[in-house]
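Comments concern the structure below.
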Amino acid sequence: MAAPTKYLERPIPSISLADFDSRIDEITQQLCSAAEDVGFFCVSDHGIPLSSIDDMFAWSSRFFSLPDPLKATVSFSNNAGWEKNAQVRPSTGAADRKESYQMQFGANMDGKWLPDATLPGFQTSALQFMHQVQAVSERLMTCFARGLGFDDNYFVRAHDVSRPESQTVCRLLHYFEVPANPGEVWHRAGAHTDWDLLTLLFQKEGQSGLEICPGREVSTSFGHGDTWTKVEPSAGQIICNIGDLLMSWSDDRFKSTFHRVKAPTEPGDYHGERYSIAFFNQPCHDALIQGPRKKYPLVTGAEFTKNAMDLYYSKTLEKQKRQLLEESSTSVPVRI
Ligand SMILES: O=C(O)CCC(=O)C(=O)O
Ligand SMILES: [Fe+2]
């Protein structure tokens with residue numbers, strides 16, 4: 001039997017964005033200290049009503065209830081679209097048991113929205129929600145720019161979602177219920193760091209599983225430690241974590257923390273299905289990326305994304321291609 005997971009209680013800082021304009025320096029100080037330490041924090045008083053979050057979860061569940069062949073008409077490529085049981089994490093070498101649908105604001109979404117008649121109102125509502133999350137992201141980006149000594153709009157300009165070059169992603173996630181005895185190794189989301197600037201994550205109350213493992217010192221390292229901390233869902237709160245991009249853009253001052261959605265293996269673990277929504281702030285293709293102390297060579301947003309996709313997604317795309325080939329030899333084409 002596998003050794004039990006080692007857990008450590010680590011406080012996850014909770015940061016209120018109330019009265020943002022008058023408290024910006026205090027908030028900046030709190031965000032920077034959380035980013036230097038654990039790399040994860042909760043944000044409250046962010047201005048997105050609970051009803052908007054609940055509505056987006058309801059859309060997510062409607063989307064994932066559609067038949068697989070229909071979702072396969074918008075399947076994953078260019079970091080947008082739908083995938084199922086296809087994402088292979090380098091840390092596990094096996095596919096996560098989940099499905100996800102990635103939406104963007106810009107040109108990468110061409111052909112990746114379903115026709116409106118299939119799920120009337122979905123695209124409009126999803127984009128509205130994405131703009132709300134972008135507004136919170138922009139506040140956080142303003143503080144991080146200020147904390148690093150850049151001008152206030154420095155990160156906001158590099159992540160301008162009104163430009164066709166935008167690569168920012170909103171990802172709907174659906175993890176399947178795990179059988180009591182799955183009979184094989186099961187991964188929900190294997191341990192990984194995110195490769196964006198900053199991730200904003202929405203969880204549903206009662207659907208536990210997210211765990212973090214801080215301790216990474218340089219953005220170029222790939223190992224992680226072995227003591228985990230649970231990050232329980234709480235309605236209305238946004239869980240934020242620093243990604244590899246902000247770690248390297250801050251010359252490793254801010255920490256991009258390993259995290260996972262643990263598959264249940266121990267007493268008390270949650271077996272039911274889990275929905276979450278992750279918003280990844282990705283740089284525009286032509287953004288120029290280099291920290292204040294120039295620790296790492298200058299790269300463009302396109303280069304940074306390509307390097308990350310090669311590292312994190314090469315096995316995913318191979319697996320997806322194999323699945324599509326297998327399915328196309330057995331399934332009947334679907335009209336939408
Ligand atoms: O579903 C979650 O809670 C985490 C998802 C995640 O870490 C990711 O997609 O990068
Ligand atoms: Fe992640």
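Residue numbers start at 1 in each chain; chains themselves are named A, B, ... in the order of the structure tokens; ligands are numbered from 1 in the order shown.
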Enumerate residues in contact with ligand 2: an atom-to-atom distance of at most 10 Å, counting only C-alpha atoms and all ligand atoms. Format the result as JSON, numbers by chain.
{"A": [189, 190, 191, 192, 193, 194, 195, 196, 199, 200, 201, 210, 212, 241, 242, 243, 257, 258, 259, 260, 261, 278, 279, 280]}
Residues near Asp19 of chain A, cut-off 9 Å, only C-alpha atoms, skip fewer than 4 positions along chain, as a list in words:
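My list of contacting residues is Arg23, Ile24 and Asp45 of chain A.
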Rank A:Gly272, A:Gly147, A:Gly236, A:Gly183 by their smallest atom-to-atom distance to Gly209 of chain A, using only C-alpha atoms, and report the top residue only.
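Among the listed residues, A:Gly272 lies closest to Gly209 of chain A.
Minimum atom-to-atom distances from A:Asn307, A:Asn79, A:Thr124, A:Ser100 to ligand 1 were compared using only C-alpha atoms and all ligand atoms, and the lowest value belongs to A:Ser100.
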What does the distance from atom CA of His271 of chain A to atom CA of Val231 of chain A come to in Å, to one decimal?
16.3 Å
Quick one: everything within 8 Å of segment 110-119 of chain A, counting only C-alpha atoms, minus sequence neighbours fewer than 4 positions away in the same chain. Send it as a PyMOL selection string.
chain A and resi 63+73-75+80-81+103+123+336
Between A:His46, A:Arg97, A:Arg157, A:Lys84, which is the closest to Asp286 of chain A once you count only C-alpha atoms?
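When distances to Asp286 of chain A are compared using only C-alpha atoms, the smallest one comes from A:Arg157.
Using only C-alpha atoms and all ligand atoms, the smallest distance between any of A:Ser91, A:Gln290, A:Gln203, A:Ser33 and ligand 1 comes from A:Gln203.
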Residues near Leu127 of chain A, anyone? I mean within 10 Å using only C-alpha atoms, not counting same-chain ones fewer than 6 positions away, as a ChimeraX atom specification.
/A:103-105,133,170
Identify, on the basis of only C-alpha atoms, every residue whose closest approach to Gly301 of chain A does not exceed 12 Å; exclude the query and any residue fewer than 4 positions from it along the same chain; express the result as a list of chain:residue names.
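Surrounding residues, per the criterion: A:Phe155, A:Ala158, A:His159, A:Glu165, A:Ser166, A:Gln167, A:Thr168, A:Trp195, A:Asp196, A:Leu197, A:Leu245, A:Trp249, A:Asn281, A:Gln282, A:Pro283, A:Cys284, A:His285, A:Asp286, A:Ala287, A:Leu288, A:Ile289, A:Gln290, A:Thr305, A:Lys306, A:Asn307, A:Ala308.
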For the atom pair atom CA of Trp228 of chain A and atom CA of Cys213 of chain A, what is the interatomic distance in Å to one decimal place?
4.9 Å
